[in-house]
Amino acid sequence: MKQHFDQYASLYDAWFMDNMNVLMSEARLVARTLQGSRKILSVGCGSGLFEKILREEFGINITDGIEPSTGMADIARHRGLNVAIATAEEADFGRGEYDTILFNGTPSYITDLAAVVRKAYEALPDGGRAVLIDVPKESGYGLMYNLAKAVGTWDHPLLKGVYPPNPYPIELVEAANWRTTAEKVALMTEAGFADLESFQTLTTHPLVSNNLLEDPTPGSDKGDYVAVIGYKR
């Protein structure tokens, strides 16, 4: 996994720059989930692109991140983050140090997500929250990505006329393992999280999702980017 993001770190940022409405719709969703948070740990912070936007556009200051890719971490550090190089499975989440542990776009790249969610629960103080945000397997994007992964390319007759003008790099699609929203809810419930809630964005077809800047809405029934939030009680 690490080698994919080391090799394609610049492609990751470039894709978002070419899909600015998608990026900002997702950033609005992330910002919504962090309302009231005081100290946030970003697990799988990548290049720090979202953290930079959250700081500059929403006044949400995330200072600490965890990222297995040295290429991604180098970019994030230039954007002001303190980044520890580790996988989510290996990383130290602290003990009561953070009131929010954020997994933005990373659950599909974490092999043992159940163990990581349990570790987040143990690390959080009472009242703390974990936030899992990703493309659901059952969504339009999820189905499209899994088809592209199965055929190994975007250039396939089954995908003709389906994917956006600037599709997500196939190398990063192939590295992912998308889970359904129900699976993530189950993992969080099993770990002990309570009062689960969800928010969503990217509610149009992937082919045209970059045409519109969206505000997040409650639920998970129609979004291609969905946040599941659980609290430690």
# chains A, B, ... in the order shown; residues from 1 in each chain; ligands from 1
>>> residues_around(residues="stretch 127-129 of chain A", least_positions_apart="6", cutoff="9 Å", atoms="only C-alpha atoms", output="list of chain:residue names")
A:Ser37, A:Gly96, A:Tyr98, A:Asp99, A:Thr100, A:Ile101, A:Leu102, A:Ala120, A:Tyr121, A:Phe193, A:Ile229, A:Gly230, A:Tyr231, A:Lys232, A:Arg233
>>> closest_atom_pairs(of="stretch 72-129 of chain A", to="stretch 45-67 of chain A", cutoff="12 Å", atoms="only C-alpha atoms", output="Markdown table")
| residue | atom | partner | partner_atom | distance |
| --- | --- | --- | --- | --- |
| A:Met72 | CA | A:Ser47 | CA | 4.5 |
| A:Ala73 | CA | A:Ser47 | CA | 6.0 |
| A:Asp74 | CA | A:Ser47 | CA | 7.5 |
| A:Ile75 | CA | A:Ser47 | CA | 5.1 |
| A:Ala76 | CA | A:Gly48 | CA | 4.2 |
| A:Arg77 | CA | A:Gly48 | CA | 7.7 |
| A:His78 | CA | A:Gly48 | CA | 8.7 |
| A:Arg79 | CA | A:Gly48 | CA | 6.4 |
| A:Gly80 | CA | A:Thr63 | CA | 7.2 |
| A:Leu81 | CA | A:Thr63 | CA | 5.1 |
| A:Asn82 | CA | A:Asp64 | CA | 4.8 |
| A:Val83 | CA | A:Gly65 | CA | 4.7 |
| A:Ala84 | CA | A:Ile66 | CA | 4.9 |
| A:Ile85 | CA | A:Glu67 | CA | 5.2 |
| A:Ala86 | CA | A:Glu67 | CA | 5.7 |
| A:Thr87 | CA | A:Glu67 | CA | 6.4 |
| A:Ala88 | CA | A:Ile66 | CA | 7.4 |
| A:Glu89 | CA | A:Ile66 | CA | 10.7 |
| A:Glu90 | CA | A:Ile66 | CA | 10.0 |
| A:Ala91 | CA | A:Ile66 | CA | 7.2 |
| A:Asp92 | CA | A:Ile66 | CA | 9.0 |
| A:Phe93 | CA | A:Ile66 | CA | 8.9 |
| A:Gly94 | CA | A:Asp64 | CA | 11.3 |
| A:Glu97 | CA | A:Asp64 | CA | 11.0 |
| A:Tyr98 | CA | A:Asp64 | CA | 9.8 |
| A:Asp99 | CA | A:Ile62 | CA | 11.9 |
| A:Thr100 | CA | A:Ile62 | CA | 10.3 |
| A:Ile101 | CA | A:Gly65 | CA | 9.8 |
| A:Leu102 | CA | A:Cys45 | CA | 8.9 |
| A:Phe103 | CA | A:Cys45 | CA | 8.0 |
| A:Asn104 | CA | A:Cys45 | CA | 7.5 |
| A:Gly105 | CA | A:Cys45 | CA | 8.9 |
| A:Thr106 | CA | A:Cys45 | CA | 8.3 |
| A:Pro107 | CA | A:Cys45 | CA | 11.7 |
| A:Tyr109 | CA | A:Glu67 | CA | 11.3 |
| A:Ile110 | CA | A:Glu67 | CA | 11.3 |
>>> atom_distance(atom1="atom CA of A:Ala27", atom2="atom CA of A:Glu214")
10.0 Å
>>> atom_distance(atom1="atom CA of A:Glu138", atom2="atom CA of A:Thr180")
5.9 Å
>>> atom_distance(atom1="atom CA of A:Arg32", atom2="atom CA of A:Thr217")
9.4 Å
>>> closest_residue(among="A:Ala186, A:Leu11, A:Met17, A:Ala150", to="A:Arg118", atoms="only C-alpha atoms")
A:Ala186
>>> select_by_dssp(residues="stretch 103-203 of chain A", states="strand (DSSP E or B)", output="ChimeraX atom specification")
/A:103-104,129-134,194-201
>>> residues_around(residues="A:Asp215", least_positions_apart="6", cutoff="7 Å", atoms="only C-alpha atoms", output="PyMOL selection string")
chain A and resi 25+28+201
>>> residues_around(residues="A:Asn146", least_positions_apart="2", cutoff="10 Å", atoms="only C-alpha atoms", output="count of residues only")
16
>>> select_by_dssp(residues="stretch 39-80 of chain A", states="alpha helix (DSSP H)", output="PyMOL selection string")
chain A and resi 49-58+70-78
>>> closest_residue(among="A:Arg38, A:Lys119, A:Arg179, A:Lys222", to="A:Leu202", atoms="only C-alpha atoms")
A:Lys222
>>> decode(residues="stretch 56-72 of chain A", atoms="all heavy atoms", output="short mmCIF file (atom, residue, chain, number, x, y, z; two decimals), in the first residue's frame")
data_model
loop_
_atom_site.label_atom_id
_atom_site.label_comp_id
_atom_site.auth_asym_id
_atom_site.auth_seq_id
_atom_site.Cartn_x
_atom_site.Cartn_y
_atom_site.Cartn_z
N GLU A 56 -7.51 26.68 6.55
CA GLU A 56 -7.62 27.97 5.86
C GLU A 56 -9.07 28.37 5.57
O GLU A 56 -9.39 29.56 5.56
CB GLU A 56 -6.83 27.91 4.55
CG GLU A 56 -5.32 27.76 4.77
CD GLU A 56 -4.55 27.65 3.46
OE1 GLU A 56 -5.20 27.52 2.40
OE2 GLU A 56 -3.30 27.67 3.52
N GLU A 57 -9.94 27.41 5.32
CA GLU A 57 -11.31 27.72 4.92
C GLU A 57 -12.33 27.58 6.04
O GLU A 57 -13.39 28.21 5.99
CB GLU A 57 -11.73 26.81 3.75
CG GLU A 57 -10.84 26.92 2.51
CD GLU A 57 -10.97 28.27 1.82
OE1 GLU A 57 -12.05 28.89 1.93
OE2 GLU A 57 -10.00 28.69 1.17
N PHE A 58 -12.02 26.74 7.05
CA PHE A 58 -13.02 26.45 8.08
C PHE A 58 -12.54 26.75 9.49
O PHE A 58 -13.29 26.57 10.45
CB PHE A 58 -13.46 24.98 7.98
CG PHE A 58 -14.07 24.62 6.66
CD1 PHE A 58 -13.29 24.09 5.64
CD2 PHE A 58 -15.42 24.82 6.41
CE1 PHE A 58 -13.84 23.75 4.41
CE2 PHE A 58 -15.99 24.48 5.19
CZ PHE A 58 -15.20 23.96 4.19
N GLY A 59 -11.30 27.18 9.64
CA GLY A 59 -10.76 27.49 10.96
C GLY A 59 -10.58 26.28 11.86
O GLY A 59 -10.56 26.41 13.09
N ILE A 60 -10.44 25.10 11.27
CA ILE A 60 -10.23 23.86 12.03
C ILE A 60 -8.76 23.49 11.92
O ILE A 60 -8.27 23.17 10.83
CB ILE A 60 -11.11 22.72 11.49
CG1 ILE A 60 -12.59 23.09 11.65
CG2 ILE A 60 -10.80 21.41 12.21
CD1 ILE A 60 -13.54 22.12 10.98
N ASN A 61 -8.05 23.55 13.02
CA ASN A 61 -6.60 23.37 13.00
C ASN A 61 -6.22 21.96 13.45
O ASN A 61 -6.31 21.63 14.64
CB ASN A 61 -5.93 24.42 13.89
CG ASN A 61 -4.42 24.42 13.70
OD1 ASN A 61 -3.92 24.06 12.63
ND2 ASN A 61 -3.69 24.83 14.73
N ILE A 62 -5.81 21.15 12.51
CA ILE A 62 -5.30 19.80 12.80
C ILE A 62 -3.78 19.86 12.71
O ILE A 62 -3.23 20.17 11.66
CB ILE A 62 -5.85 18.77 11.81
CG1 ILE A 62 -7.39 18.74 11.86
CG2 ILE A 62 -5.29 17.38 12.11
CD1 ILE A 62 -8.04 17.84 10.83
N THR A 63 -3.12 19.57 13.81
CA THR A 63 -1.65 19.68 13.84
C THR A 63 -0.94 18.35 13.70
O THR A 63 0.21 18.31 13.29
CB THR A 63 -1.19 20.35 15.15
OG1 THR A 63 -1.65 19.57 16.26
CG2 THR A 63 -1.74 21.76 15.26
N ASP A 64 -1.61 17.24 14.04
CA ASP A 64 -0.95 15.93 14.11
C ASP A 64 -1.57 14.94 13.14
O ASP A 64 -2.81 14.82 13.05
CB ASP A 64 -1.04 15.37 15.53
CG ASP A 64 -0.36 16.26 16.55
OD1 ASP A 64 0.60 16.96 16.17
OD2 ASP A 64 -0.79 16.26 17.72
N GLY A 65 -0.70 14.22 12.44
CA GLY A 65 -1.16 13.21 11.50
C GLY A 65 -0.32 11.96 11.55
O GLY A 65 0.81 11.97 12.05
N ILE A 66 -0.87 10.90 11.02
CA ILE A 66 -0.17 9.62 10.85
C ILE A 66 -0.30 9.24 9.39
O ILE A 66 -1.39 9.33 8.81
CB ILE A 66 -0.78 8.54 11.76
CG1 ILE A 66 -0.52 8.87 13.23
CG2 ILE A 66 -0.24 7.16 11.41
CD1 ILE A 66 -1.34 8.04 14.19
N GLU A 67 0.81 8.81 8.79
CA GLU A 67 0.80 8.50 7.37
C GLU A 67 1.92 7.50 7.06
O GLU A 67 3.08 7.74 7.42
CB GLU A 67 1.01 9.78 6.56
CG GLU A 67 1.20 9.59 5.07
CD GLU A 67 0.06 8.84 4.41
OE1 GLU A 67 -1.10 9.15 4.71
OE2 GLU A 67 0.35 7.94 3.59
N PRO A 68 1.60 6.36 6.42
CA PRO A 68 2.64 5.38 6.12
C PRO A 68 3.54 5.75 4.94
O PRO A 68 4.66 5.27 4.84
CB PRO A 68 1.85 4.11 5.81
CG PRO A 68 0.52 4.61 5.34
CD PRO A 68 0.26 5.87 6.12
N SER A 69 3.06 6.60 4.05
CA SER A 69 3.83 6.96 2.85
C SER A 69 4.76 8.13 3.15
O SER A 69 4.31 9.22 3.50
CB SER A 69 2.88 7.32 1.71
OG SER A 69 3.58 8.02 0.69
N THR A 70 6.05 7.92 2.98
CA THR A 70 7.01 9.00 3.22
C THR A 70 6.83 10.12 2.20
O THR A 70 7.01 11.30 2.53
CB THR A 70 8.45 8.48 3.18
OG1 THR A 70 8.66 7.77 1.94
CG2 THR A 70 8.71 7.52 4.34
N GLY A 71 6.47 9.77 0.97
CA GLY A 71 6.24 10.79 -0.05
C GLY A 71 5.09 11.70 0.31
O GLY A 71 5.17 12.92 0.20
N MET A 72 3.99 11.10 0.77
CA MET A 72 2.84 11.88 1.21
C MET A 72 3.19 12.70 2.45
O MET A 72 2.83 13.88 2.56
CB MET A 72 1.67 10.95 1.52
CG MET A 72 1.00 10.37 0.31
SD MET A 72 -0.03 11.60 -0.54
CE MET A 72 -1.09 10.53 -1.49
#
